[in-house]
$ cat run-v8.txt   # compact mmCIF, C-alpha atoms
# COMPACT_ATOMS: atom_id res chain seq x y z
CA MET A 1 102.87 156.76 84.03
CA ALA A 2 102.59 155.06 80.69
CA ASN A 3 99.50 157.07 79.70
CA PHE A 4 100.28 160.57 80.98
CA ASN A 5 98.65 163.28 78.85
CA PHE A 6 98.27 166.75 80.30
CA ASN A 7 97.51 169.99 78.47
CA LYS A 8 96.70 172.92 80.76
CA VAL A 9 97.51 176.61 80.27
CA ILE A 10 96.91 179.56 82.59
CA ILE A 11 97.69 183.06 81.34
CA GLY A 12 96.89 186.50 82.66
CA GLY A 13 97.14 189.66 80.59
CA ARG A 14 95.16 192.31 78.76
CA LEU A 15 92.93 192.08 75.70
CA THR A 16 94.38 193.80 72.64
CA ALA A 17 90.97 194.56 71.11
CA ASP A 18 87.26 194.29 71.87
CA PRO A 19 86.16 190.66 71.52
CA GLU A 20 83.60 190.11 68.77
CA LEU A 21 81.05 187.35 69.30
CA LYS A 22 80.24 185.21 66.26
CA THR A 23 77.93 182.27 65.74
CA THR A 24 78.66 179.14 63.73
CA PRO A 25 76.08 177.95 61.15
CA SER A 26 74.92 175.40 63.74
CA GLY A 27 74.26 178.18 66.29
CA ILE A 28 77.31 177.77 68.57
CA SER A 29 78.80 180.99 70.02
CA VAL A 30 82.51 181.56 69.45
CA VAL A 31 84.87 184.44 70.10
CA SER A 32 88.54 184.82 69.18
CA PHE A 33 90.78 187.41 70.76
CA THR A 34 94.40 188.12 71.62
CA VAL A 35 95.82 188.49 75.12
CA ALA A 36 99.05 190.46 75.64
CA VAL A 37 101.20 189.19 78.51
CA ASN A 38 104.18 191.21 79.70
CA ARG A 39 107.43 189.31 80.12
CA ARG A 40 110.41 190.74 81.99
CA PHE A 41 113.95 189.57 81.51
CA GLY A 42 117.36 190.63 82.67
CA SER A 43 120.15 191.79 80.41
CA LYS A 44 123.51 193.51 80.80
CA ALA A 45 121.79 196.89 80.46
CA GLY A 46 119.31 196.06 83.25
CA GLU A 47 115.82 194.69 83.41
CA GLU A 48 113.82 194.94 80.21
CA SER A 49 110.34 193.88 79.27
CA THR A 50 108.49 192.79 76.18
CA ALA A 51 105.06 191.35 75.54
CA ASP A 52 103.97 187.99 74.24
CA PHE A 53 100.70 187.84 72.31
CA PHE A 54 98.53 184.73 72.62
CA ASN A 55 95.59 183.92 70.37
CA VAL A 56 92.64 182.62 72.37
CA THR A 57 89.38 181.04 71.23
CA ALA A 58 86.39 180.58 73.54
CA TRP A 59 83.23 178.63 72.77
CA ARG A 60 79.62 178.58 73.98
CA GLN A 61 78.98 180.16 77.43
CA THR A 62 82.61 181.18 77.87
CA ALA A 63 82.46 183.05 74.54
CA GLU A 64 79.28 184.84 75.57
CA PHE A 65 80.78 185.74 78.97
CA VAL A 66 83.94 187.20 77.40
CA SER A 67 82.05 189.21 74.79
CA ARG A 68 79.65 190.60 77.39
CA TYR A 69 82.07 191.63 80.16
CA PHE A 70 85.48 192.29 78.60
CA ARG A 71 86.74 195.08 76.36
CA LYS A 72 90.04 196.23 74.91
CA ALA A 73 92.64 196.64 77.71
CA SER A 74 90.59 194.58 80.20
CA SER A 75 92.70 192.37 82.41
CA ILE A 76 91.73 188.74 82.04
CA CYS A 77 92.85 185.36 83.33
CA ILE A 78 92.38 182.45 80.93
CA VAL A 79 92.46 178.78 81.88
CA GLY A 80 92.46 176.40 78.95
CA SER A 81 94.54 174.14 76.74
CA LEU A 82 96.89 174.52 73.80
CA GLN A 83 95.70 173.46 70.38
CA THR A 84 97.78 173.28 67.20
CA ARG A 85 96.59 173.51 63.61
CA ASN A 86 98.41 172.68 60.38
CA TRP A 87 97.32 173.61 56.87
CA THR A 88 98.67 174.40 53.41
CA ASP A 89 97.96 177.89 52.12
CA GLN A 90 96.99 178.82 48.53
CA GLN A 91 100.65 179.22 47.55
CA GLY A 92 101.43 175.69 48.74
CA ASN A 93 103.28 176.78 51.90
CA LYS A 94 102.77 174.74 55.02
CA ARG A 95 101.37 176.83 57.87
CA TYR A 96 101.26 176.09 61.57
CA SER A 97 99.55 177.89 64.43
CA VAL A 98 99.15 177.45 68.15
CA GLU A 99 96.20 178.88 70.05
CA ILE A 100 94.70 178.61 73.50
CA VAL A 101 91.21 177.15 73.72
CA ALA A 102 89.66 178.77 76.80
CA ASP A 103 87.79 176.60 79.29
CA GLU A 104 87.45 179.50 81.77
CA ALA A 105 87.74 183.28 81.65
CA ASN A 106 88.07 185.17 84.92
CA PHE A 107 88.03 188.80 86.03
CA VAL A 108 91.30 190.25 87.31
CA ASP A 109 90.54 193.98 87.70
CA ALA A 110 88.42 195.31 90.49
CA LYS A 111 85.01 196.15 89.09
CA SER A 112 85.63 199.90 89.33
CA GLU A 113 88.97 199.57 87.45
CA SER A 114 87.72 197.61 84.45
CA PRO A 115 87.50 199.49 81.14
CA LEU A 116 83.84 198.48 80.80
CA ALA A 117 82.98 199.90 84.25
CA VAL A 118 84.86 203.12 83.48
CA GLN A 119 83.03 203.36 80.16
CA GLN A 120 79.64 202.77 81.82
CA ALA A 121 80.37 205.34 84.55
CA ALA A 122 81.36 207.93 81.93
CA ALA A 123 78.13 207.27 80.00
CA ALA A 124 76.07 207.61 83.20
CA GLN A 125 77.80 210.86 84.09
CA GLN A 126 77.29 212.19 80.59
CA ALA A 127 73.59 211.31 80.84
CA GLY A 128 73.40 213.34 84.06
CA TYR A 129 72.96 210.43 86.46
CA MET A 130 75.34 210.24 89.39
CA PRO A 131 73.76 209.35 92.72
CA GLU A 132 74.94 211.38 95.72
CA ASN A 133 75.52 208.44 97.99
CA TYR A 134 76.97 206.09 95.39
CA GLY A 135 78.51 203.10 97.14
CA VAL A 136 77.05 203.95 100.57
CA PRO A 137 74.72 201.21 101.83
CA SER A 138 71.29 202.19 103.04
CA TYR A 139 70.18 200.35 106.16
CA SER A 140 66.49 201.09 106.15
CA SER A 141 63.95 203.39 104.63
CA ALA A 142 64.09 205.59 107.77
CA GLY A 143 67.89 205.93 107.50
CA GLU A 144 68.55 204.24 110.85
CA ALA A 145 71.75 202.33 111.48
CA PRO A 146 71.38 198.60 112.12
CA ARG A 147 70.98 197.50 115.73
CA PHE A 148 73.46 195.02 117.10
CA GLU A 149 73.03 192.93 120.20
CA GLU A 150 75.64 193.66 122.81
CA ILE A 151 77.28 190.68 124.51
CA ALA A 152 78.38 191.41 128.02
CA ASP A 153 80.71 188.44 128.48
CA ASP A 154 82.97 186.79 125.90
CA GLU A 155 82.91 183.54 127.88
CA GLU A 156 79.44 182.74 126.57
CA LEU A 157 80.60 182.62 122.95
CA PRO A 158 80.71 179.10 121.47
CA PHE A 159 84.20 179.51 119.99
$ encode --input "run-v8.txt" --output "structure tokens"
Amino acid sequence: MANFNFNKVIIGGRLTADPELKTTPSGISVVSFTVAVNRRFGSKAGEESTADFFNVTAWRQTAEFVSRYFRKASSICIVGSLQTRNWTDQQGNKRYSVEIVADEANFVDAKSESPLAVQQAAAAQQAGYMPENYGVPSYSSAGEAPRFEEIADDEELPF
């Protein structure tokens, strides 16, 4: 393993603010956001928890996906890599930062639990639109239930 280089990060947490999509001068989409991840630890007084805050940057399609479907407090799972940056500020101090560059962003909440879905449902209700049979599938225009073929003998099944 003389040439072993591996940089992979997977975190799951909640966005601390709405992501804001920006575009570089060359037209590439980018979004930066922070993910809060709860961390529990034991102490003499019992179990305690705190949060770690990770800066994340997403580019291109991943950036557009995050800005379209995620809002503040949305649960998100990020798969990416760590990237470090060094620079000297205007006062001559050396600065150092670590961020996660997202390769993938994934939903964690059920669709009905996400802050965006809750926000859209509230807007629909406020506009006076709330279908009676929301979530109930319709089988046909006549309202008939689907017809299933009955099998008399299980021995004829191929499995």
$ closest_residue --input "run-v8.txt" --among "A:Gly13, A:Gly92, A:Gly27, A:Gly80" --to "Thr57 of chain A" --atoms "only C-alpha atoms"
A:Gly80
$ closest_residue --input "run-v8.txt" --among "A:Phe41, A:Trp59, A:Tyr96, A:Gln91" --to "Thr24 of chain A" --atoms "only C-alpha atoms"
A:Trp59
$ atom_distance --input "run-v8.txt" --atom1 "atom CA of Leu15 of chain A" --atom2 "atom CA of Ser75 of chain A"
6.7 Å
$ residues_around --input "run-v8.txt" --residues "Val35 of chain A" --least-positions-apart "5" --cutoff "7 Å" --atoms "all atoms listed in the file" --output "ChimeraX atom specification"
/A:13-16,53-55
$ closest_residue --input "run-v8.txt" --among "A:Val101, A:Val66, A:Leu21, A:Ile11" --to "Asn38 of chain A" --atoms "only C-alpha atoms"
A:Ile11
$ atom_distance --input "run-v8.txt" --atom1 "atom CA of Phe65 of chain A" --atom2 "atom CA of Ala105 of chain A"
7.9 Å
$ atom_distance --input "run-v8.txt" --atom1 "atom CA of Ala58 of chain A" --atom2 "atom CA of Ala102 of chain A"
5.0 Å
$ closest_residue --input "run-v8.txt" --among "A:Ser67, A:Ser29, A:Ser81, A:Asn93" --to "Phe6 of chain A" --atoms "all atoms listed in the file"
A:Ser81
$ residues_near_point --input "run-v8.txt" --point "(95.3, 174.6, 72.3)" --cutoff "7 Å" --atoms "only C-alpha atoms" --output "list in words"
Ser81, Leu82, Gln83, Thr84, Val98, Glu99, Ile100 and Val101 of chain A
$ residues_around --input "run-v8.txt" --residues "Asn86 of chain A" --least-positions-apart "5" --cutoff "8 Å" --atoms "all atoms listed in the file" --output "NGL selection string"
:A and (94-97)
$ residues_around --input "run-v8.txt" --residues "Phe107 of chain A" --least-positions-apart "6" --cutoff "10 Å" --atoms "only C-alpha atoms" --output "mmCIF file with C-alpha atoms, in the frame of the given file"
data_model
loop_
_atom_site.group_PDB
_atom_site.id
_atom_site.type_symbol
_atom_site.label_atom_id
_atom_site.label_comp_id
_atom_site.auth_asym_id
_atom_site.auth_seq_id
_atom_site.Cartn_x
_atom_site.Cartn_y
_atom_site.Cartn_z
ATOM 1 C CA GLY A 12 96.890 186.500 82.660
ATOM 2 C CA VAL A 66 83.940 187.200 77.400
ATOM 3 C CA TYR A 69 82.070 191.630 80.160
ATOM 4 C CA PHE A 70 85.480 192.290 78.600
ATOM 5 C CA SER A 74 90.590 194.580 80.200
ATOM 6 C CA SER A 75 92.700 192.370 82.410
ATOM 7 C CA ILE A 76 91.730 188.740 82.040
ATOM 8 C CA CYS A 77 92.850 185.360 83.330
ATOM 9 C CA ILE A 78 92.380 182.450 80.930
ATOM 10 C CA SER A 114 87.720 197.610 84.450
#
